[in-house]
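Report on one structure; see the data block that follows.
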Amino acid sequence: MATLLVSLFIRCAHAVPFEDVQVLLGRYCVDCHAGDDAESGIAIDTYTASHARTIDRENWRRILRQVQGRAMPPDDAEQPTDEERELIAQWILDDALKVDCAGPERPGRVTIRRLNRHEYDNTIRDLFGVDLQLAQTFPSDDVGYGFDNIGDVLSVSPVLFERYVDAADEIVRTIIASTDVEAAPRRQFEGKRFPTRGQVTRDFTLEDAGKYVLRVRAWGDQAGNQACFMLVGLDGKPLRKELVRNDRNQPTDFEVALDLKKGEHQLGVAFLNDFYLKSGPQGKKLDRNLNVDSIELIGPLGVLPESLPEFHTRFFQPPIDPAATVTKQTEAIKKLLNPLASRAFRRRATVTEVESLGRIFSLARRNGETVERSTQLAVAALLVSPSFLFRMEMDPDPGDVRDLNDFELATRLSYFLWSSMPDDELFGAAARGELHTEEQLVQQARRMLKDDRVEALVENFAGQWLQLRGLEEVSPSRKKFPTFDDQLREAMLRETELFFRTIVSDNRSILDFLDADYTYVNDRLAKHYGISGVSGPEFKRVSLEGGRRGGLLGQASILTVTSDPTRTSPVKRGKWILENLFDAPPPEAPPDVPQLADGDSTQLTGSLREQMEKHRADPACASCHKMMDPLGFGLENYDAIGAWRDRDGTVEIDATGELPSGQTFDGPHELRRLLLQRQDDFRRCLSEKMLTFALGRGLEYYDACAVERIVNRLQSDDDRFAIVVEEIIKSPAFRQRESGESQ
Amino acid sequence: MRNQLSRRTVLRGAGVSIALPLLEAMAPVSVQAATGYGRKKEPLRMAFVYAPNGIHMTNWTPQEEGSGYKLPPTLEPLRELQSDFSILSGLAQYHANANGDGGGDHARAMATFLTGAQARKTNGVDIKAGVSVDQIAAAAAGRRTRFASLEIGAEGGKTSGSCDSGYSCAYSSTISWKSENQPVPKEKDPRLIFERLFEGTRAGESKQMRANRLKFSRSILDFALDDAKRLEQVVGQADKRKLDEYLTSVRELEQRVQRKSQDESTSTKKMTKPDGIPDSYRDHLRLLADLLVMAFQVDATRISTLVFANEGSNRSYDFIGVPEGHHSLSHHRNDPEKQEKIKKINRFHTEQLAYLLKRLKSIQEGDKSILDRTMLVYGGCIGDGNRHDHNRLPILLAGGGDGRLNPGRHVQYPSKTPLMNLYASMLDRFGVQDNMHGDATGMLENI
């Protein structure tokens, strides 16, 4: 879709008359695509000019894809020339798929979005004030349209749900202290097998006085007329004498409650009644043994006020009276759970929901659980429910459009800019109904862009837009690139993140992405770039001179992500530029034409170029490769991990190129100058990518109007970064929702 | 169903003072008997192991047919096991071809391998392939084990960017599809897989802690189910599908929790718990193989998929002297040097397969090994990687299928015989009635 949008605006040089197209369609397509039993249900013979615009856009889009992708007509049929294909494509784009921005704008429909892994972790952090990073154990989120926050592809698998349950359990145990034996700290001592009478002692030192539980797990080998007798003692005094059951599969836990002082202690376990007969009644050997599997000291039980988790103290305000009846306690806990549930659900919790949570609490209480443990369970229930895990938005009636309410807007805003839940200020504004005018939204966005949580926009939006996340997976050949290691990998990533963050926080021009005279390096990266005067692992802003680097295309992160393990890949770099800076991805390679084989480690750049040029001599490949390859050639001075080079082996680097427009350049500096001339394409590209990320859906044709508004304002307002954000949140697509079904 | 209702009544009833029983106690004996859970000691298993980017077929396809054929170089690591598998040549996956959808052979290959469906070309909205054969088997027979199926692999999904020619990344990283719209993500961390499969617990958690945790999971899940059901009434059509996925997942967990206590004893440690994902790719694959073997051994599941790498993976195989990216290499354009390197990669993968098969063979169950009671398909949905050939696929069928397979041969099928026919035959042997899927035309004879 993005391709179409771009093409829509850049191909408006001259109008193609439908009559011309009709002739071509008639000649190449109607043999099969005509009449009632037309192939694929596309009856081209019925398409007249007046009719064309009213038929389903999806059909024209399918036709466009077939024509551009050379998938149709089939090989054994007469083929249109490239010019003819181009003519058909242009008409479809300019005419059949034209967008009219004059009327009311369709907001589109976003499938409810499950929190992705990043959003889950951030939300838990902001909800409870603890950063547990539990989502790392979740299965990875699927990616659509280049981003992992797209509702349509975020699904819930059984494994994921299990992880939610586990995570919820761990979270509640962390944020609420429980006086449970099972939640208390424990120390383990080694057990012992007693073949004969004897005892074992274990020394330990306690830092805290308090209540403890000593737990000994043991089983016996039964023989003779007595069960095993075990004696448990402490500090030289016997505590308990026990009969030990004869079942190795079900060892028995013996527990002794203790009041212990701070300091050194010694515990002991003894086996009292050994029995051995070499030849018993049936001639069998009889041997009674005691097996102590483990010894555990659990405690101190209960948590001292000063070591309570911060959330615990904050949440139990006012504290629940331990002496009150369960009914009273339940009423009290509901009052505390209500605001928490509202924050977790990002809307006001309903009476029914709070009632249900209260029921979980009271059920646990009546089963003998503590107030804290019972509360833990209620909070865990919150955390595995869909109202928490999904960002719910209800559809309007079929065929209708509705404005999102203030809570929904707060949620869209916060997940867009922070990948997390709304903060108190956003919730407050939503609760007061002060979050639906353009001014109110923009004011909040400005505040949010200055907050540190905007780092999430860097990680998640920039990380995916620029494919920085791919950096984690690259594996440059150690032999060819011995300087590459994880520290360098880390530094590469950080440079681009800091660069992006600066543009966001300082509200700089987005054209900095294409060319800038500054960047961020630490000692490691400075050395990699050949920049002197930077020491230490901290990143510093440095100004760039001499034209070797500047903007994203001089950053090692991007240059490495677009390389093969052993060498650069001009094709991938070219493709990356077209896709991510100009949103003009080259048409797909036809299915049967193999991609250019990169990856030959022995290949020198010179001959690689020749090889690629030979490839481009094939007309089937040329149309796309002449778009991609020259851009990549212009970056050949950067090796596969982004270090500068003048030669590759013995061959002098040839970084010259000619764009399809006929413009020529030599080296990255000149290439950047030429790319800056395509700034409108870049503005559009960034706007489309960010709109996709903000909405969590692929763009539709009608989104072109919103994109155009952003581009216009960028042009008139110095390309400030915040403009993109502001125009997105002002757009109907962001503030409204249409129903998925037609009337 | 009736049982579920009565349980709810217990929990919701006015007399909340009724003791909340342990979940385990609530699974009625009749249910356990009906599903035969834990009864059959020596079950039949099914596994699918995927290798991406095609295989250099010259070094894969044997010259002769029948038994006693000379092993081609790529199959050599399987020498000791030659009587335990067959090479099935001539199978095709028609819907992996473009069929009018343009580029994207790698994405289609993965999404089609076990589904036989033409994946819908979309980057996200209305994602659609088909139900995969492992999930069909799991839906029909998975209730007998704690886990209906196991989906593991060395690579997760891609975390950003585009994957293949306008197909959502879900396509090129998933062979298991629970419904035509729901890809099942793979797990790649051996530690997490181990904990889930064999412990049902987390590090440092005692038996009591777990029991305590499970004790109230019913009421927690009920709250979640209520919420989901209420929401289902009010959300739009497409959103309902998302909530359905959610509900299915909750119910699966409910069922599992019910079955859990019974095979506590099966979690006898036969394997040391892995630390996480090892640095070495080889070690990683072996741990995954170990986990699969152990899952079969303790009957935690009978159905599994294992993906060596995602389709289109450009992983470097530096450790076997192939530093180049696999995908880039696979477009070898008949350069013998590149083909030689592809052979190395293919061979490396065969070695890992050999490791898996040997492990399965080493474990005896009564009179037979686990391998004898397994039907395992190894291969991929691309033959020659250079041309993205989906017509001559590298397919290896290993195991004795509990006497229902006749391994040890090279069988040549007529050109373009649907791969789905093989799956139909396997499902049939697995006792699944509904076995014709995708472009299947009938049972595959002579396996």
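In the structure tokens, each chain is lettered A, B, ... as it comes, each chain's residues begin at 1, and ligands are numbered from 1 in order of appearance.
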Residues within 7 Å of Glu187 in chain B, only C-alpha atoms, excluding chain neighbours under 5 positions, as a VMD selection string: (chain A and resid 139) or (chain B and resid 151 to 153 156 193)
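Using only C-alpha atoms, the contacts of Phe271 in chain A at a cut-off of 7 Å, with sequence neighbours closer than 3 positions omitted, comprise Phe194, Arg197, Gly198, Gln199, Phe229, Met230, Leu231 and Leu290 of chain A.
Nearest-residue note for Gly236 in chain B: choosing from A:Met394, A:Gly224, A:Gln555, A:Gly103, the minimum distance belongs to A:Met394, counting only C-alpha atoms.
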DSSP strand (DSSP E) residues within range 107-312 of chain B, as an NGL selection string: :B and (150-153 or 177-179 or 182-183 or 303-307)
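The list of residues with at least one atom within 9 Å of Leu714 in chain A, based on only C-alpha atoms and without residues fewer than 6 positions apart in the same chain, reads Ser509, Ile510, Arg683, Arg720, Phe721, Ile723 and Val724 of chain A.
Candidate residues A:Phe345, A:Phe316, A:Tyr28, A:Tyr47 were compared for distance to chain B, and the nearest is A:Phe345, using only C-alpha atoms.
Among the candidates A:Val651, A:Leu493, A:Val401, A:Tyr276, the residue lying nearest to Gly470 in chain A is A:Leu493 (atoms considered: only C-alpha atoms).
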Selection near Lys186 in chain B, 10 Å with only C-alpha atoms, sequence-local residues under 5 positions removed, as a PDB file with C-alpha atoms, in the first residue's frame:
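Everything below was put into around.pdb:
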```pdb
ATOM      1  CA  PRO A 139       7.262 -15.814  22.179  1.00  0.00           C
ATOM      2  CA  SER A 140       8.275 -13.089  19.738  1.00  0.00           C
ATOM      3  CA  VAL A 159       2.236 -20.690  25.102  1.00  0.00           C
TER       4      VAL A 159
ATOM      5  CA  LEU B 150       5.130 -28.742  20.700  1.00  0.00           C
ATOM      6  CA  GLU B 151       6.459 -26.032  18.388  1.00  0.00           C
ATOM      7  CA  ILE B 152      10.142 -25.259  18.686  1.00  0.00           C
ATOM      8  CA  GLY B 153      12.892 -23.812  16.516  1.00  0.00           C
ATOM      9  CA  ALA B 154      16.263 -22.139  16.602  1.00  0.00           C
ATOM     10  CA  GLU B 155      14.999 -18.760  15.403  1.00  0.00           C
ATOM     11  CA  GLY B 156      12.089 -16.677  16.606  1.00  0.00           C
ATOM     12  CA  GLY B 157      10.143 -14.357  14.400  1.00  0.00           C
ATOM     13  CA  SER B 173       8.795 -17.883  10.259  1.00  0.00           C
ATOM     14  CA  THR B 174       5.910 -20.263  10.931  1.00  0.00           C
ATOM     15  CA  ILE B 175       5.126 -23.774   9.770  1.00  0.00           C
ATOM     16  CA  SER B 176       2.519 -24.520  12.432  1.00  0.00           C
ATOM     17  CA  THR B 305       7.531 -29.345  14.823  1.00  0.00           C
ATOM     18  CA  LEU B 306      11.171 -28.317  14.908  1.00  0.00           C
ATOM     19  CA  VAL B 307      12.503 -25.571  12.659  1.00  0.00           C
TER      20      VAL B 307
END
```
Those of range 130-197 of chain A in DSSP helix (DSSP H, G or I), formatted as JSON, numbers by chain: {"A": [134, 135, 136, 137, 151, 152, 153, 158, 159, 160, 161, 162, 163, 164, 165, 166, 167, 168, 169, 170, 171, 172, 173, 174, 175]}
Include N, CA and C atoms and write out the residues we just selected as a CSV table (one decimal), in the first residue's frame.
```csv
chain,number,residue,atom,x,y,z
A,134,LEU,N,9.7,-9.1,32.2
A,134,LEU,CA,9.3,-10.5,32.1
A,134,LEU,C,9.0,-11.0,30.7
A,135,ALA,N,8.7,-10.0,29.8
A,135,ALA,CA,8.2,-10.4,28.5
A,135,ALA,C,9.3,-11.0,27.6
A,136,GLN,N,10.5,-10.9,28.1
A,136,GLN,CA,11.6,-11.6,27.3
A,136,GLN,C,11.3,-13.1,27.2
A,137,THR,N,10.5,-13.7,28.1
A,137,THR,CA,10.3,-15.1,28.0
A,137,THR,C,9.0,-15.4,27.1
A,151,GLY,N,-2.3,-4.7,15.1
A,151,GLY,CA,-3.3,-5.6,15.7
A,151,GLY,C,-3.6,-6.9,14.9
A,152,ASP,N,-3.6,-6.8,13.6
A,152,ASP,CA,-4.0,-7.9,12.8
A,152,ASP,C,-3.1,-9.1,13.0
A,153,VAL,N,-1.8,-8.9,13.3
A,153,VAL,CA,-0.9,-10.0,13.4
A,153,VAL,C,-0.5,-10.4,14.8
A,158,PRO,N,-1.4,-20.5,22.9
A,158,PRO,CA,-1.4,-21.1,24.2
A,158,PRO,C,-0.2,-20.8,25.0
A,159,VAL,N,1.0,-20.9,24.4
A,159,VAL,CA,2.2,-20.7,25.1
A,159,VAL,C,2.2,-19.3,25.7
A,160,LEU,N,1.8,-18.3,24.9
A,160,LEU,CA,1.8,-17.0,25.4
A,160,LEU,C,0.9,-16.8,26.6
A,161,PHE,N,-0.2,-17.4,26.5
A,161,PHE,CA,-1.1,-17.2,27.6
A,161,PHE,C,-0.5,-17.9,28.9
A,162,GLU,N,0.1,-19.0,28.7
A,162,GLU,CA,0.8,-19.6,29.9
A,162,GLU,C,1.8,-18.6,30.5
A,163,ARG,N,2.5,-18.0,29.6
A,163,ARG,CA,3.5,-17.0,30.1
A,163,ARG,C,2.9,-15.8,30.8
A,164,TYR,N,1.7,-15.4,30.3
A,164,TYR,CA,1.0,-14.4,31.0
A,164,TYR,C,0.7,-14.8,32.4
A,165,VAL,N,0.2,-16.0,32.6
A,165,VAL,CA,-0.2,-16.5,33.9
A,165,VAL,C,1.0,-16.5,34.8
A,166,ASP,N,2.1,-17.1,34.3
A,166,ASP,CA,3.4,-17.1,35.1
A,166,ASP,C,3.9,-15.7,35.4
A,167,ALA,N,3.8,-14.8,34.4
A,167,ALA,CA,4.3,-13.5,34.7
A,167,ALA,C,3.5,-12.8,35.7
A,168,ALA,N,2.1,-13.0,35.6
A,168,ALA,CA,1.2,-12.3,36.6
A,168,ALA,C,1.6,-12.8,38.0
A,169,ASP,N,1.9,-14.1,38.1
A,169,ASP,CA,2.2,-14.6,39.4
A,169,ASP,C,3.5,-14.0,40.0
A,170,GLU,N,4.4,-13.9,39.1
A,170,GLU,CA,5.7,-13.4,39.6
A,170,GLU,C,5.6,-11.9,39.9
A,171,ILE,N,4.8,-11.2,39.1
A,171,ILE,CA,4.6,-9.8,39.4
A,171,ILE,C,3.9,-9.5,40.7
A,172,VAL,N,2.8,-10.3,41.0
A,172,VAL,CA,2.1,-10.0,42.2
A,172,VAL,C,3.0,-10.4,43.5
A,173,ARG,N,3.8,-11.4,43.3
A,173,ARG,CA,4.7,-11.7,44.4
A,173,ARG,C,5.8,-10.7,44.7
A,174,THR,N,6.1,-10.0,43.6
A,174,THR,CA,7.1,-9.0,43.7
A,174,THR,C,6.6,-7.7,44.3
A,175,ILE,N,5.4,-7.3,43.9
A,175,ILE,CA,4.8,-6.0,44.3
A,175,ILE,C,4.1,-6.0,45.7
```
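Of note, CA of Glu195 in chain B and CA of Met271 in chain B are spaced 11.6 Å apart.
With only C-alpha atoms as the atoms that count, the minimum distance from chain A to the choices B:Leu405, B:Ala137, B:Leu287, B:Val125 is reached by B:Val125.
Closest approach to chain A among B:Gly68, B:Pro418, B:Pro336, B:Gly102 is made by B:Gly102 (distances from only C-alpha atoms).
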Pick from B:Leu357, B:Val235, B:Ala140, B:Leu214, whichever lies nearest to chain A using only C-alpha atoms: B:Val235
Non-local contacts of Phe147 in chain A (12 Å; only C-alpha atoms; under 4 positions in same chain excluded) as a VMD selection string: (chain A and resid 116 141 to 143 151 to 154 459 to 467 469 689 to 698) or (chain B and resid 123 to 124 158 to 163 168 to 170)
Output file for the residues above (N, CA and C atoms, as a compact mmCIF listing (two decimals), in the first residue's frame):
```
# COMPACT_ATOMS: atom_id res chain seq x y z
N ASN A 116 2.20 -5.71 22.85
CA ASN A 116 3.34 -6.52 22.43
C ASN A 116 4.33 -6.61 23.60
N ASP A 141 6.77 -11.40 18.94
CA ASP A 141 5.56 -10.87 18.30
C ASP A 141 5.76 -10.84 16.79
N ASP A 142 4.72 -11.19 16.08
CA ASP A 142 4.85 -11.13 14.63
C ASP A 142 4.85 -9.69 14.13
N VAL A 143 5.48 -9.53 12.99
CA VAL A 143 5.63 -8.20 12.41
C VAL A 143 4.77 -8.08 11.16
N GLY A 151 -2.30 -4.75 15.09
CA GLY A 151 -3.35 -5.57 15.68
C GLY A 151 -3.63 -6.86 14.91
N ASP A 152 -3.61 -6.77 13.60
CA ASP A 152 -3.98 -7.93 12.81
C ASP A 152 -3.05 -9.12 12.99
N VAL A 153 -1.80 -8.90 13.26
CA VAL A 153 -0.89 -10.04 13.36
C VAL A 153 -0.47 -10.36 14.79
N LEU A 154 -0.95 -9.58 15.75
CA LEU A 154 -0.62 -9.89 17.15
C LEU A 154 -1.63 -10.90 17.68
N GLU A 459 13.38 3.32 20.66
CA GLU A 459 13.60 1.87 20.59
C GLU A 459 12.64 1.18 19.63
N ASN A 460 11.38 1.55 19.73
CA ASN A 460 10.38 0.78 18.99
C ASN A 460 10.08 1.34 17.61
N PHE A 461 9.94 2.67 17.52
CA PHE A 461 9.68 3.19 16.18
C PHE A 461 10.97 3.21 15.36
N ALA A 462 11.99 3.90 15.87
CA ALA A 462 13.23 3.98 15.10
C ALA A 462 13.85 2.60 14.93
N GLY A 463 13.80 1.82 15.99
CA GLY A 463 14.39 0.48 15.95
C GLY A 463 13.83 -0.36 14.82
N GLN A 464 12.57 -0.13 14.50
CA GLN A 464 11.95 -0.93 13.45
C GLN A 464 11.95 -0.21 12.10
N TRP A 465 11.66 1.08 12.13
CA TRP A 465 11.69 1.83 10.87
C TRP A 465 13.07 1.65 10.21
N LEU A 466 14.10 1.85 10.98
CA LEU A 466 15.45 1.79 10.41
C LEU A 466 16.05 0.39 10.46
N GLN A 467 15.28 -0.55 10.95
CA GLN A 467 15.71 -1.94 11.07
C GLN A 467 16.93 -2.11 11.99
N ARG A 469 16.88 -3.13 14.89
CA ARG A 469 16.77 -4.37 15.66
C ARG A 469 17.48 -5.52 14.96
N LYS A 689 5.40 5.94 7.63
CA LYS A 689 5.90 4.94 8.58
C LYS A 689 5.37 5.25 9.98
N MET A 690 5.44 6.53 10.35
CA MET A 690 5.03 6.85 11.72
C MET A 690 3.53 6.73 11.89
N LEU A 691 2.79 7.02 10.84
CA LEU A 691 1.34 6.86 10.91
C LEU A 691 0.99 5.39 11.08
N THR A 692 1.68 4.53 10.37
CA THR A 692 1.46 3.09 10.50
C THR A 692 1.72 2.66 11.94
N PHE A 693 2.83 3.12 12.48
CA PHE A 693 3.21 2.77 13.85
C PHE A 693 2.19 3.31 14.85
N ALA A 694 1.73 4.55 14.62
CA ALA A 694 0.81 5.18 15.57
C ALA A 694 -0.56 4.50 15.54
N LEU A 695 -0.98 4.07 14.35
CA LEU A 695 -2.32 3.50 14.23
C LEU A 695 -2.34 2.00 14.50
N GLY A 696 -1.22 1.34 14.23
CA GLY A 696 -1.20 -0.10 14.41
C GLY A 696 -1.96 -0.82 13.30
N ARG A 697 -1.98 -0.23 12.14
CA ARG A 697 -2.58 -0.93 11.00
C ARG A 697 -1.85 -0.50 9.73
N GLY A 698 -2.01 -1.27 8.67
CA GLY A 698 -1.46 -0.87 7.39
C GLY A 698 -2.24 0.32 6.87
N ASN B 123 0.52 -7.94 4.33
CA ASN B 123 1.54 -7.62 5.30
C ASN B 123 0.98 -7.67 6.71
N GLY B 124 -0.33 -7.86 6.79
CA GLY B 124 -0.88 -7.91 8.14
C GLY B 124 -2.37 -8.15 8.14
N LYS B 158 11.00 -12.55 13.06
CA LYS B 158 11.81 -11.36 12.82
C LYS B 158 11.23 -10.22 13.62
N THR B 159 12.08 -9.36 14.13
CA THR B 159 11.59 -8.34 15.05
C THR B 159 11.31 -7.00 14.39
N SER B 160 11.67 -6.84 13.13
CA SER B 160 11.38 -5.57 12.48
C SER B 160 11.51 -5.74 10.99
N GLY B 161 11.12 -4.70 10.30
CA GLY B 161 11.35 -4.66 8.86
C GLY B 161 10.44 -5.57 8.08
N SER B 162 10.73 -5.68 6.82
CA SER B 162 9.90 -6.51 5.96
C SER B 162 10.60 -7.83 5.78
N CYS B 163 9.87 -8.87 5.47
CA CYS B 163 10.50 -10.18 5.36
C CYS B 163 10.61 -10.62 3.92
N SER B 168 3.61 -10.80 5.34
CA SER B 168 3.92 -10.56 6.75
C SER B 168 4.97 -11.56 7.21
N CYS B 169 5.82 -11.13 8.15
CA CYS B 169 6.89 -12.00 8.62
C CYS B 169 6.36 -13.28 9.26
N ALA B 170 5.09 -13.26 9.66
CA ALA B 170 4.52 -14.47 10.26
C ALA B 170 4.62 -15.64 9.28
```
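Across the model, the gap from CA of Arg412 in chain A to CA of Asp126 in chain B is 22.2 Å.
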Pro407 in chain B surroundings by only C-alpha atoms, 8 Å radius, close-in-sequence under 5 positions cut, as a ChimeraX atom specification: /B:83-86,397-400,447
